[in-house]
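Novice: File my_file_37.csv below, CSV, C-alpha atoms:
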chain,number,residue,atom,x,y,z
N,1,MET,CA,186.7,132.8,-9.6
N,2,THR,CA,183.1,131.5,-9.8
N,3,ASP,CA,184.4,128.0,-10.7
N,4,ALA,CA,186.7,128.0,-7.7
N,5,LEU,CA,183.9,129.0,-5.3
N,6,SER,CA,181.6,126.3,-6.8
N,7,ASN,CA,184.3,123.7,-6.3
N,8,GLU,CA,184.8,124.8,-2.7
N,9,ASP,CA,181.0,124.6,-2.1
N,10,ASP,CA,180.9,121.1,-3.6
N,11,LEU,CA,183.8,120.0,-1.4
N,12,LEU,CA,182.1,121.5,1.7
N,13,ARG,CA,178.8,119.7,0.9
N,14,ARG,CA,180.7,116.4,0.3
N,15,ARG,CA,182.5,116.7,3.6
N,16,LYS,CA,179.2,117.4,5.4
N,17,ARG,CA,177.6,114.3,3.7
N,18,VAL,CA,180.6,112.1,4.8
N,19,SER,CA,180.4,113.5,8.3
N,20,ALA,CA,176.7,112.8,8.5
N,21,MET,CA,177.2,109.3,7.2
N,22,PHE,CA,179.9,108.7,9.8
N,23,GLY,CA,177.6,109.9,12.5
N,24,VAL,CA,174.9,107.6,11.3
N,25,LEU,CA,177.3,104.6,11.3
N,26,CYS,CA,178.5,105.4,14.8
N,27,ALA,CA,174.9,105.8,16.1
N,28,GLY,CA,174.0,102.5,14.4
N,29,ALA,CA,177.0,100.7,16.0
N,30,THR,CA,176.0,102.1,19.4
N,31,ALA,CA,172.4,101.0,18.9
N,32,LEU,CA,173.5,97.5,17.8
N,33,CYS,CA,175.7,97.1,20.9
N,34,LEU,CA,172.9,98.3,23.1
N,35,LEU,CA,170.4,95.8,21.5
N,36,ILE,CA,172.8,92.9,22.0
N,37,LEU,CA,173.5,93.9,25.6
N,38,ILE,CA,169.8,94.3,26.3
N,39,GLY,CA,169.1,91.0,24.6
N,40,LEU,CA,171.7,89.2,26.7
N,41,LEU,CA,170.5,90.7,30.0
N,42,ALA,CA,166.9,89.9,29.1
N,43,THR,CA,167.7,86.3,28.4
N,44,VAL,CA,169.6,86.0,31.6
N,45,ALA,CA,166.8,87.7,33.6
N,46,VAL,CA,164.1,85.4,32.1
N,47,ASN,CA,166.2,82.3,32.9
N,48,ALA,CA,166.9,83.6,36.4
N,49,PHE,CA,163.2,84.3,37.0
N,50,ASP,CA,162.4,80.5,36.9
N,51,ALA,CA,165.1,79.7,39.5
N,52,PHE,CA,162.8,80.6,42.4
N,53,LEU,CA,159.6,79.1,41.1
N,54,PRO,CA,157.8,76.7,43.5
N,55,GLU,CA,157.7,73.0,42.4
N,56,GLN,CA,154.0,73.2,41.7
N,57,THR,CA,154.4,76.1,39.3
N,58,ARG,CA,157.3,74.3,37.6
N,59,ALA,CA,155.0,71.3,37.0
N,60,GLU,CA,152.4,73.6,35.5
N,61,LEU,CA,154.8,75.2,33.1
N,62,GLU,CA,156.1,71.9,31.7
N,63,GLY,CA,155.9,72.0,27.9
N,64,LYS,CA,154.6,75.6,27.8
N,65,SER,CA,156.3,78.5,26.1
N,66,THR,CA,157.3,81.7,27.9
N,67,LEU,CA,154.2,83.6,26.8
N,68,GLU,CA,151.9,80.7,27.6
N,69,GLY,CA,153.2,80.5,31.2
N,70,LEU,CA,153.3,84.3,31.7
N,71,GLY,CA,150.3,84.3,33.9
N,72,ALA,CA,151.5,81.5,36.2
N,73,ARG,CA,154.9,83.1,36.5
N,74,THR,CA,153.4,86.5,37.3
N,75,SER,CA,151.2,85.0,40.1
N,76,ALA,CA,154.2,83.1,41.5
N,77,PHE,CA,156.3,86.2,41.5
N,78,PHE,CA,154.0,88.0,43.9
N,79,SER,CA,153.7,85.0,46.2
N,80,ALA,CA,155.6,84.6,49.5
N,81,PRO,CA,157.4,81.3,48.6
N,82,TYR,CA,159.0,82.9,45.6
N,83,TRP,CA,160.7,85.6,47.7
N,84,GLN,CA,161.6,83.2,50.5
N,85,ARG,CA,163.4,81.1,47.9
N,86,GLY,CA,165.2,84.2,46.7
N,87,TRP,CA,166.3,85.0,50.2
N,88,THR,CA,167.6,81.5,50.9
N,89,PHE,CA,169.5,81.6,47.6
N,90,LEU,CA,171.5,84.5,49.0
N,91,VAL,CA,172.1,83.2,52.5
N,92,GLU,CA,172.5,79.4,51.9
N,93,GLY,CA,175.4,77.5,50.4
N,94,PRO,CA,175.5,75.2,47.4
N,95,SER,CA,173.6,71.9,47.4
N,96,TRP,CA,173.1,69.0,45.1
N,97,ARG,CA,169.3,69.7,45.3
N,98,PRO,CA,168.5,72.8,43.2
N,99,GLU,CA,165.6,73.9,45.4
N,100,LYS,CA,168.1,74.4,48.3
N,101,ALA,CA,171.2,75.6,46.5
N,102,GLY,CA,172.6,79.1,47.3
N,103,VAL,CA,175.5,81.4,46.6
N,104,ASN,CA,176.4,82.7,50.0
N,105,PRO,CA,179.9,81.2,50.2
N,106,ALA,CA,180.6,82.3,46.6
N,107,ILE,CA,179.6,85.9,47.4
N,108,PHE,CA,181.8,86.1,50.4
N,109,GLY,CA,184.6,84.4,48.6
N,110,SER,CA,184.4,87.0,45.8
N,111,LEU,CA,184.3,89.8,48.3
N,112,TRP,CA,187.3,88.5,50.1
N,113,LEU,CA,189.2,88.1,46.8
N,114,ILE,CA,188.3,91.6,45.5
N,115,GLY,CA,189.1,93.3,48.8
N,116,LEU,CA,192.5,91.7,49.1
N,117,THR,CA,193.3,92.2,45.4
N,118,ALA,CA,192.5,95.9,45.7
N,119,LEU,CA,194.6,96.1,48.9
N,120,PHE,CA,197.6,94.6,47.1
N,121,SER,CA,197.4,95.9,43.6
N,122,VAL,CA,196.2,99.5,44.0
N,123,PRO,CA,199.0,100.8,46.3
N,124,ALA,CA,201.6,98.8,44.4
N,125,GLY,CA,200.3,99.9,41.0
N,126,VAL,CA,200.0,103.6,41.9
N,127,GLY,CA,203.4,103.6,43.6
N,128,ALA,CA,205.0,102.0,40.5
N,129,ALA,CA,203.3,104.6,38.2
N,130,VAL,CA,204.4,107.5,40.4
N,131,TYR,CA,208.0,106.3,40.4
N,132,LEU,CA,208.1,105.7,36.6
N,133,GLU,CA,206.4,109.1,35.8
N,134,GLU,CA,207.8,111.4,38.4
N,135,TYR,CA,211.1,110.0,39.6
N,136,ALA,CA,212.7,107.6,37.1
N,137,ALA,CA,215.0,109.3,34.7
N,138,ALA,CA,214.6,108.6,31.0
N,139,SER,CA,216.9,105.6,30.2
N,140,ARG,CA,216.9,102.3,28.4
N,141,TRP,CA,216.1,100.6,31.7
N,142,LYS,CA,212.9,102.6,32.0
N,143,GLN,CA,211.9,101.9,28.4
N,144,LEU,CA,212.5,98.2,29.0
N,145,VAL,CA,210.4,98.2,32.1
N,146,GLN,CA,207.6,100.2,30.4
N,147,LEU,CA,207.6,97.7,27.5
N,148,ASN,CA,207.3,94.7,29.8
N,149,ILE,CA,204.5,96.3,31.7
N,150,ALA,CA,202.6,96.9,28.5
N,151,ASN,CA,203.2,93.3,27.4
N,152,LEU,CA,202.1,91.9,30.7
N,153,ALA,CA,198.8,93.6,30.4
N,154,GLY,CA,198.0,91.3,27.5
N,155,VAL,CA,199.1,88.0,28.9
N,156,PRO,CA,196.3,85.5,29.3
N,157,SER,CA,195.1,85.2,32.9
N,158,ILE,CA,195.7,81.4,33.0
N,159,VAL,CA,199.4,82.1,32.7
N,160,TYR,CA,199.2,84.1,35.9
N,161,GLY,CA,197.2,81.3,37.5
N,162,ILE,CA,200.0,78.8,36.8
N,163,LEU,CA,202.5,81.3,38.1
N,164,GLY,CA,200.4,81.7,41.3
N,165,LEU,CA,200.2,78.0,41.7
N,166,GLY,CA,204.0,77.6,41.6
N,167,ILE,CA,204.8,80.6,43.8
N,168,PHE,CA,201.9,81.3,46.1
N,169,VAL,CA,200.2,77.9,46.5
N,170,ARG,CA,203.3,75.8,46.3
N,171,ALA,CA,207.1,76.4,46.3
N,172,VAL,CA,209.5,75.9,43.5
N,173,THR,CA,212.8,74.1,44.3
N,174,LEU,CA,215.9,75.6,42.7
N,175,GLN,CA,219.0,73.6,42.5
N,176,ALA,CA,222.3,75.5,43.2
N,177,PRO,CA,225.9,74.5,43.9
N,178,GLY,CA,225.4,75.2,47.6
N,179,GLY,CA,222.2,73.2,47.9
N,180,ASP,CA,218.5,73.3,47.0
N,181,TYR,CA,216.5,76.4,47.7
N,182,LEU,CA,212.7,76.7,47.9
N,183,VAL,CA,211.3,79.8,46.2
N,184,GLY,CA,207.6,80.5,47.1
N,185,LEU,CA,205.2,81.1,49.9
N,186,SER,CA,203.5,77.7,50.1
N,187,LEU,CA,200.3,79.3,51.4
N,188,GLY,CA,198.1,76.5,50.1
N,189,ARG,CA,194.8,76.7,48.2
N,190,VAL,CA,193.4,79.6,50.2
N,191,ILE,CA,191.9,83.0,49.6
N,192,LEU,CA,195.2,84.8,50.1
N,193,SER,CA,196.8,82.7,47.2
N,194,GLY,CA,193.9,83.6,44.9
N,195,ALA,CA,194.1,87.3,45.8
N,196,LEU,CA,197.8,87.5,45.2
N,197,THR,CA,197.3,85.8,41.8
N,198,LEU,CA,194.6,88.1,40.8
N,199,SER,CA,196.8,91.0,41.9
N,200,LEU,CA,199.3,89.9,39.3
N,201,VAL,CA,196.6,89.8,36.7
N,202,VAL,CA,195.4,93.4,37.3
N,203,LEU,CA,198.6,95.1,38.4
N,204,PRO,CA,199.8,96.0,34.8
N,205,ILE,CA,196.3,97.6,34.1
N,206,VAL,CA,196.5,99.7,37.3
N,207,ILE,CA,200.0,100.8,36.4
N,208,LEU,CA,199.2,101.8,32.9
N,209,ALA,CA,196.0,103.6,33.8
N,210,SER,CA,197.8,105.5,36.6
N,211,GLN,CA,200.6,106.6,34.3
N,212,GLU,CA,198.1,108.0,31.8
N,213,ALA,CA,196.3,109.9,34.6
N,214,LEU,CA,199.6,111.3,35.8
N,215,ARG,CA,200.6,112.4,32.3
N,216,ALA,CA,197.3,114.2,32.0
N,217,VAL,CA,198.1,116.5,34.8
N,218,PRO,CA,199.5,119.8,33.3
N,219,ARG,CA,203.2,120.4,33.7
N,220,SER,CA,202.4,124.0,34.9
N,221,ILE,CA,200.9,122.6,38.1
N,222,ARG,CA,204.2,121.0,39.0
N,223,GLN,CA,206.2,124.1,38.0
N,224,ALA,CA,203.9,126.4,40.0
N,225,SER,CA,204.4,124.1,43.1
N,226,TYR,CA,208.1,124.1,42.7
N,227,ALA,CA,208.1,127.9,42.3
N,228,LEU,CA,206.4,128.2,45.7
N,229,GLY,CA,209.2,126.2,47.3
N,230,ALA,CA,207.5,122.8,47.5
N,231,THR,CA,209.7,119.7,47.3
N,232,LYS,CA,209.2,117.0,44.7
N,233,TRP,CA,207.4,114.8,47.3
N,234,GLN,CA,205.1,117.6,48.4
N,235,THR,CA,204.3,118.4,44.8
N,236,THR,CA,203.5,114.8,44.0
N,237,TRP,CA,201.5,114.2,47.2
N,238,ARG,CA,199.5,117.4,47.4
N,239,GLN,CA,199.1,118.5,43.8
N,240,VAL,CA,199.8,115.7,41.3
N,241,LEU,CA,198.1,112.8,42.9
N,242,PRO,CA,194.8,114.6,43.9
N,243,ALA,CA,194.6,115.9,40.3
N,244,ALA,CA,195.3,112.4,38.8
N,245,LEU,CA,193.0,110.5,41.2
N,246,PRO,CA,189.8,110.6,39.0
N,247,GLY,CA,191.8,109.0,36.1
N,248,MET,CA,193.4,106.5,38.4
N,249,MET,CA,190.0,105.5,39.7
N,250,THR,CA,188.9,104.7,36.2
N,251,GLY,CA,191.8,102.3,35.8
N,252,VAL,CA,191.0,100.7,39.2
N,253,ILE,CA,187.4,100.2,38.2
N,254,LEU,CA,188.5,98.4,35.0
N,255,ALA,CA,191.0,96.3,36.9
N,256,ILE,CA,188.7,95.3,39.8
N,257,SER,CA,185.9,94.5,37.3
N,258,ARG,CA,188.2,92.2,35.4
N,259,ALA,CA,189.4,90.5,38.6
N,260,LEU,CA,185.8,90.0,39.8
N,261,GLY,CA,185.0,88.0,36.6
N,262,GLU,CA,188.1,85.9,36.4
N,263,ALA,CA,187.8,82.2,36.8
N,264,ALA,CA,190.8,80.6,35.0
N,265,PRO,CA,193.4,81.8,37.5
N,266,LEU,CA,191.3,80.7,40.5
N,267,VAL,CA,190.9,77.2,39.0
N,268,ALA,CA,194.7,77.0,38.6
N,269,VAL,CA,195.4,78.0,42.2
N,270,GLY,CA,192.9,75.4,43.5
N,271,ALA,CA,189.6,77.2,44.1
N,272,VAL,CA,186.9,74.6,44.5
N,273,GLY,CA,183.4,74.7,43.1
N,274,PHE,CA,181.5,73.2,46.1
N,275,ILE,CA,181.9,74.8,49.5
N,276,ASN,CA,179.0,74.8,51.9
N,277,TYR,CA,180.6,77.2,54.5
N,278,THR,CA,181.3,80.9,54.5
N,279,PRO,CA,185.0,81.8,54.4
N,280,THR,CA,186.0,83.8,57.5
N,281,SER,CA,189.7,84.6,56.9
N,282,PRO,CA,192.3,85.0,54.2
N,283,TYR,CA,193.5,81.4,55.0
N,284,SER,CA,190.1,79.8,54.3
N,285,ARG,CA,189.4,77.5,51.4
N,286,PHE,CA,187.1,79.3,49.0
N,287,THR,CA,185.0,79.5,45.9
N,288,ALA,CA,183.9,82.5,43.8
N,289,LEU,CA,180.9,83.5,41.8
N,290,PRO,CA,182.4,82.9,38.4
N,291,LEU,CA,183.3,79.3,39.5
N,292,GLN,CA,179.9,78.7,40.9
N,293,ILE,CA,178.3,80.0,37.7
N,294,PHE,CA,180.4,77.7,35.6
N,295,ASN,CA,179.7,74.6,37.7
N,296,TRP,CA,175.9,75.2,37.6
N,297,ALA,CA,175.9,76.0,33.9
N,298,ALA,CA,177.8,72.7,33.3
N,299,ASP,CA,175.3,70.6,35.3
N,300,PRO,CA,172.9,68.6,33.2
N,301,LYS,CA,169.9,69.5,35.3
N,302,PRO,CA,168.0,72.5,33.8
N,303,GLU,CA,167.2,73.8,37.3
N,304,PHE,CA,170.8,74.5,37.8
N,305,HIS,CA,171.0,76.5,34.6
N,306,SER,CA,168.3,78.8,36.0
N,307,LEU,CA,170.4,79.1,39.2
N,308,ALA,CA,173.5,80.0,37.1
N,309,SER,CA,171.5,82.8,35.5
N,310,ALA,CA,170.4,84.0,39.0
N,311,ALA,CA,174.1,83.9,40.1
N,312,ILE,CA,175.0,86.0,37.0
N,313,LEU,CA,172.6,88.7,38.2
N,314,VAL,CA,174.1,88.6,41.7
N,315,LEU,CA,177.6,89.0,40.2
N,316,LEU,CA,176.4,92.0,38.1
N,317,ALA,CA,174.8,93.5,41.2
N,318,VAL,CA,178.1,93.2,43.2
N,319,LEU,CA,180.0,94.6,40.3
N,320,ILE,CA,177.6,97.6,39.9
N,321,MET,CA,177.8,98.4,43.6
N,322,MET,CA,181.6,98.4,43.6
N,323,ASN,CA,181.8,100.4,40.5
N,324,ALA,CA,179.3,102.9,41.8
N,325,ALA,CA,181.4,103.4,44.9
N,326,ALA,CA,184.5,104.0,42.8
N,327,VAL,CA,182.6,106.4,40.5
N,328,TRP,CA,181.5,108.4,43.5
N,329,VAL,CA,185.1,108.7,44.8
N,330,ARG,CA,186.2,109.8,41.3
N,331,TYR,CA,183.4,112.4,41.1
N,332,HIS,CA,184.0,113.6,44.7
N,333,TYR,CA,187.7,114.2,44.1
N,334,GLY,CA,187.1,115.5,40.6
N,335,GLN,CA,184.9,118.3,42.0
N,336,ARG,CA,187.8,119.5,44.2
N,337,ILE,CA,190.0,120.4,41.2
N,338,ARG,CA,189.7,124.1,40.4
N,339,TRP,CA,192.2,124.6,37.7
Now, as a test, write the supplied structure out as structure tokens.

Specialist:
Amino acid sequence: MTDALSNEDDLLRRRKRVSAMFGVLCAGATALCLLILIGLLATVAVNAFDAFLPEQTRAELEGKSTLEGLGARTSAFFSAPYWQRGWTFLVEGPSWRPEKAGVNPAIFGSLWLIGLTALFSVPAGVGAAVYLEEYAAASRWKQLVQLNIANLAGVPSIVYGILGLGIFVRAVTLQAPGGDYLVGLSLGRVILSGALTLSLVVLPIVILASQEALRAVPRSIRQASYALGATKWQTTWRQVLPAALPGMMTGVILAISRALGEAAPLVAVGAVGFINYTPTSPYSRFTALPLQIFNWAADPKPEFHSLASAAILVLLAVLIMMNAAAVWVRYHYGQRIRW
């Protein structure tokens, strides 16, 4: 009896040690990820800091390390020309001269793209998820559709870019016995083509996330609604969707974040890297922040590299503001759930 208790104590202590070691490993992995993220952000911020320095300060910093030039950078940071250059960076368009280049067309191009992408992909994705989870009967057809949606979520974005080029930007000619038929919208290289292409990229993500949110709603909520005489549509609209909305918003956040950072599909559909006017409609030619960052980073002049870092910070700021709005919506509707 005593040996059995001793063995159980040893086993319990061993399990506690393994659990503690696992916790330490998880904490170490988290700390490592945070250190890498902080290091990347710090590097980008330091490079972006030099983007708005006056010419005189740049000349003084030639050949000096970051620490050696800390005093000159600090004094320049609190000067009026530094902040004036930062403001012109946000309100002016790109230029071949680094001291006059800005990201205004890229910012508005990205906002147009993300707004239209959300307008197209969110209703379509949520509607498809509701049909598959609430209305479609279990069948081989449903399994096939579900399998294809899961596969499409992992397709490289450049494939969608080529698809968008053939269907939205141009039109594909199909030869048939009765004659040739054009399949496509032929919209041209405009914002609407880019938004429709990005909608294809993020649509599988929205569908899968919405399905998971709908599955998380307890079956008893539906049964109680039916027991009170509600129809299937009333149950779905007034009970299931409000309860699943916080989870759906998580999927929307991930999808829109991915769309905001995409560059390959936009290159395929014809987005240009140099536009010095602000897009005003879905039918305007456009650029976007990821393309502007790529073009500046590829430029041989080091001044443009600093501008690329500053544009990265602008992209992160736009992303954080959009995600904050989505998180607020998720939290607001999450507080209304009382079961």

Novice: Rounded to one decimal, what separation in Å do you get between CA of Pro265 in chain N and CA of Thr250 in chain N?

Specialist: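 So the two atoms, CA of Pro265 in chain N and CA of Thr250 in chain N, lie 23.4 Å apart.
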
Novice: Find, counting only C-alpha atoms, the residue in N:Asn47, N:Glu92, N:Gln143, N:Arg14 that gets nearest to Pro302 in chain N.

Specialist: N:Asn47

Novice: Report, in Å to a single decimal, how far apart CA of Thr117 in chain N and CA of Pro282 in chain N are.

Specialist: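 CA of Pro282 in chain N sits 11.4 Å away from CA of Thr117 in chain N.
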
Novice: So, with only C-alpha atoms as the atoms that count, which of N:Ala76, N:Leu147, N:Cys33, N:Leu192 lies closest to Phe49 in chain N?

Specialist: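 Once distances to Phe49 in chain N are computed over only C-alpha atoms, the minimum belongs to N:Ala76.
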
Novice: Neighbouring residues of Arg222 in chain N were defined as those with any atom within 12 Å, considering only C-alpha atoms; residues of the same chain fewer than 4 positions away were excluded. Please report them as a list in words.

Specialist: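 Selected residues are Glu134, Leu214, Arg215, Ala216, Val217, Pro218, Tyr226, Ala227, Leu228, Gly229, Ala230, Thr231, Lys232, Trp233, Gln234, Thr235, Thr236, Trp237, Arg238, Gln239, Val240, Leu241 and Ala243 of chain N.
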
Novice: With C-alpha atoms retained, could you export that selection as a PDB file, in the coordinates of the input?

Specialist:
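Output saved as part01.pdb:
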ATOM      1  CA  GLU N 134     207.800 111.400  38.400  1.00  0.00           C
ATOM      2  CA  LEU N 214     199.600 111.300  35.800  1.00  0.00           C
ATOM      3  CA  ARG N 215     200.600 112.400  32.300  1.00  0.00           C
ATOM      4  CA  ALA N 216     197.300 114.200  32.000  1.00  0.00           C
ATOM      5  CA  VAL N 217     198.100 116.500  34.800  1.00  0.00           C
ATOM      6  CA  PRO N 218     199.500 119.800  33.300  1.00  0.00           C
ATOM      7  CA  TYR N 226     208.100 124.100  42.700  1.00  0.00           C
ATOM      8  CA  ALA N 227     208.100 127.900  42.300  1.00  0.00           C
ATOM      9  CA  LEU N 228     206.400 128.200  45.700  1.00  0.00           C
ATOM     10  CA  GLY N 229     209.200 126.200  47.300  1.00  0.00           C
ATOM     11  CA  ALA N 230     207.500 122.800  47.500  1.00  0.00           C
ATOM     12  CA  THR N 231     209.700 119.700  47.300  1.00  0.00           C
ATOM     13  CA  LYS N 232     209.200 117.000  44.700  1.00  0.00           C
ATOM     14  CA  TRP N 233     207.400 114.800  47.300  1.00  0.00           C
ATOM     15  CA  GLN N 234     205.100 117.600  48.400  1.00  0.00           C
ATOM     16  CA  THR N 235     204.300 118.400  44.800  1.00  0.00           C
ATOM     17  CA  THR N 236     203.500 114.800  44.000  1.00  0.00           C
ATOM     18  CA  TRP N 237     201.500 114.200  47.200  1.00  0.00           C
ATOM     19  CA  ARG N 238     199.500 117.400  47.400  1.00  0.00           C
ATOM     20  CA  GLN N 239     199.100 118.500  43.800  1.00  0.00           C
ATOM     21  CA  VAL N 240     199.800 115.700  41.300  1.00  0.00           C
ATOM     22  CA  LEU N 241     198.100 112.800  42.900  1.00  0.00           C
ATOM     23  CA  ALA N 243     194.600 115.900  40.300  1.00  0.00           C
TER      24      ALA N 243
END

Novice: Between N:Arg13, N:Lys100, N:Arg330, N:Arg219, which has the minimum distance to Gln84 in chain N (counting all atoms listed in the file)?

Specialist: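 Of all the options, N:Lys100 lies closest to Gln84 in chain N.
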
Novice: Take the point (206.1, 73.7, 47.1) as written in the file and pick out every residue within 8 Å of it, counting only C-alpha atoms; give the list as a list in words.

Specialist: Gly166, Ile167, Val169, Arg170, Ala171, Val172, Thr173, Leu182, Gly184, Leu185 and Ser186 of chain N

Novice: So how far away is CA of Pro105 in chain N from CA of Val91 in chain N, in Å?

Specialist: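 Atom-to-atom, CA of Val91 in chain N to CA of Pro105 in chain N, that is 8.4 Å.
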
Novice: Closest to Gly125 in chain N among N:Gly28, N:Pro204, N:Pro300, N:Gly247, using only C-alpha atoms?

Specialist: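 Among the listed residues, the smallest separation from Gly125 in chain N belongs to N:Pro204.
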
Novice: Of the candidates N:Val201, N:Ile320, N:Gly261, N:Phe22, which one gets nearest to Gly154 in chain N if we count only C-alpha atoms?

Specialist: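 Smallest distance to Gly154 in chain N is found for N:Val201.
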
Novice: Model the absent atoms of range 124-139 of chain N so that N, CA, C and O atoms are present, and write the result as a short mmCIF file (atom, residue, chain, number, x, y, z; two decimals), in the coordinates of the input.

Specialist:
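Saved as rebuild_10.cif:
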data_model
loop_
_atom_site.label_atom_id
_atom_site.label_comp_id
_atom_site.auth_asym_id
_atom_site.auth_seq_id
_atom_site.Cartn_x
_atom_site.Cartn_y
_atom_site.Cartn_z
N ALA N 124 200.43 99.20 45.15
CA ALA N 124 201.60 98.80 44.40
C ALA N 124 201.59 99.42 42.98
O ALA N 124 202.61 99.93 42.48
N GLY N 125 200.44 99.36 42.33
CA GLY N 125 200.30 99.90 41.00
C GLY N 125 200.50 101.40 40.92
O GLY N 125 201.21 101.94 40.07
N VAL N 126 199.85 102.10 41.84
CA VAL N 126 200.00 103.60 41.90
C VAL N 126 201.40 103.97 42.23
O VAL N 126 201.96 104.91 41.64
N GLY N 127 202.01 103.26 43.19
CA GLY N 127 203.40 103.60 43.60
C GLY N 127 204.35 103.37 42.40
O GLY N 127 205.24 104.21 42.15
N ALA N 128 204.16 102.28 41.65
CA ALA N 128 205.00 102.00 40.50
C ALA N 128 204.82 103.11 39.43
O ALA N 128 205.79 103.59 38.81
N ALA N 129 203.58 103.51 39.21
CA ALA N 129 203.30 104.60 38.20
C ALA N 129 203.92 105.89 38.62
O ALA N 129 204.49 106.60 37.78
N VAL N 130 203.82 106.24 39.90
CA VAL N 130 204.40 107.50 40.40
C VAL N 130 205.92 107.49 40.20
O VAL N 130 206.52 108.48 39.75
N TYR N 131 206.54 106.37 40.52
CA TYR N 131 208.00 106.30 40.40
C TYR N 131 208.40 106.44 38.90
O TYR N 131 209.31 107.20 38.56
N LEU N 132 207.70 105.71 38.01
CA LEU N 132 208.10 105.70 36.60
C LEU N 132 207.84 107.10 35.97
O LEU N 132 208.61 107.53 35.10
N GLU N 133 206.79 107.80 36.40
CA GLU N 133 206.40 109.10 35.80
C GLU N 133 207.11 110.27 36.42
O GLU N 133 207.44 111.25 35.74
N GLU N 134 207.31 110.22 37.73
CA GLU N 134 207.80 111.40 38.40
C GLU N 134 209.23 111.34 38.88
O GLU N 134 209.86 112.38 39.07
N TYR N 135 209.77 110.15 39.06
CA TYR N 135 211.10 110.00 39.60
C TYR N 135 212.12 109.38 38.70
O TYR N 135 213.27 109.78 38.68
N ALA N 136 211.71 108.34 37.97
CA ALA N 136 212.70 107.60 37.10
C ALA N 136 213.13 108.47 35.98
O ALA N 136 212.32 109.09 35.27
N ALA N 137 214.45 108.52 35.78
CA ALA N 137 215.00 109.30 34.70
C ALA N 137 214.84 108.50 33.37
O ALA N 137 214.74 107.27 33.37
N ALA N 138 214.76 109.22 32.27
CA ALA N 138 214.60 108.60 31.00
C ALA N 138 215.90 107.77 30.67
O ALA N 138 217.01 108.31 30.66
N SER N 139 215.72 106.48 30.44
CA SER N 139 216.90 105.60 30.20
C SER N 139 216.36 104.35 29.47
O SER N 139 215.15 104.12 29.34
#
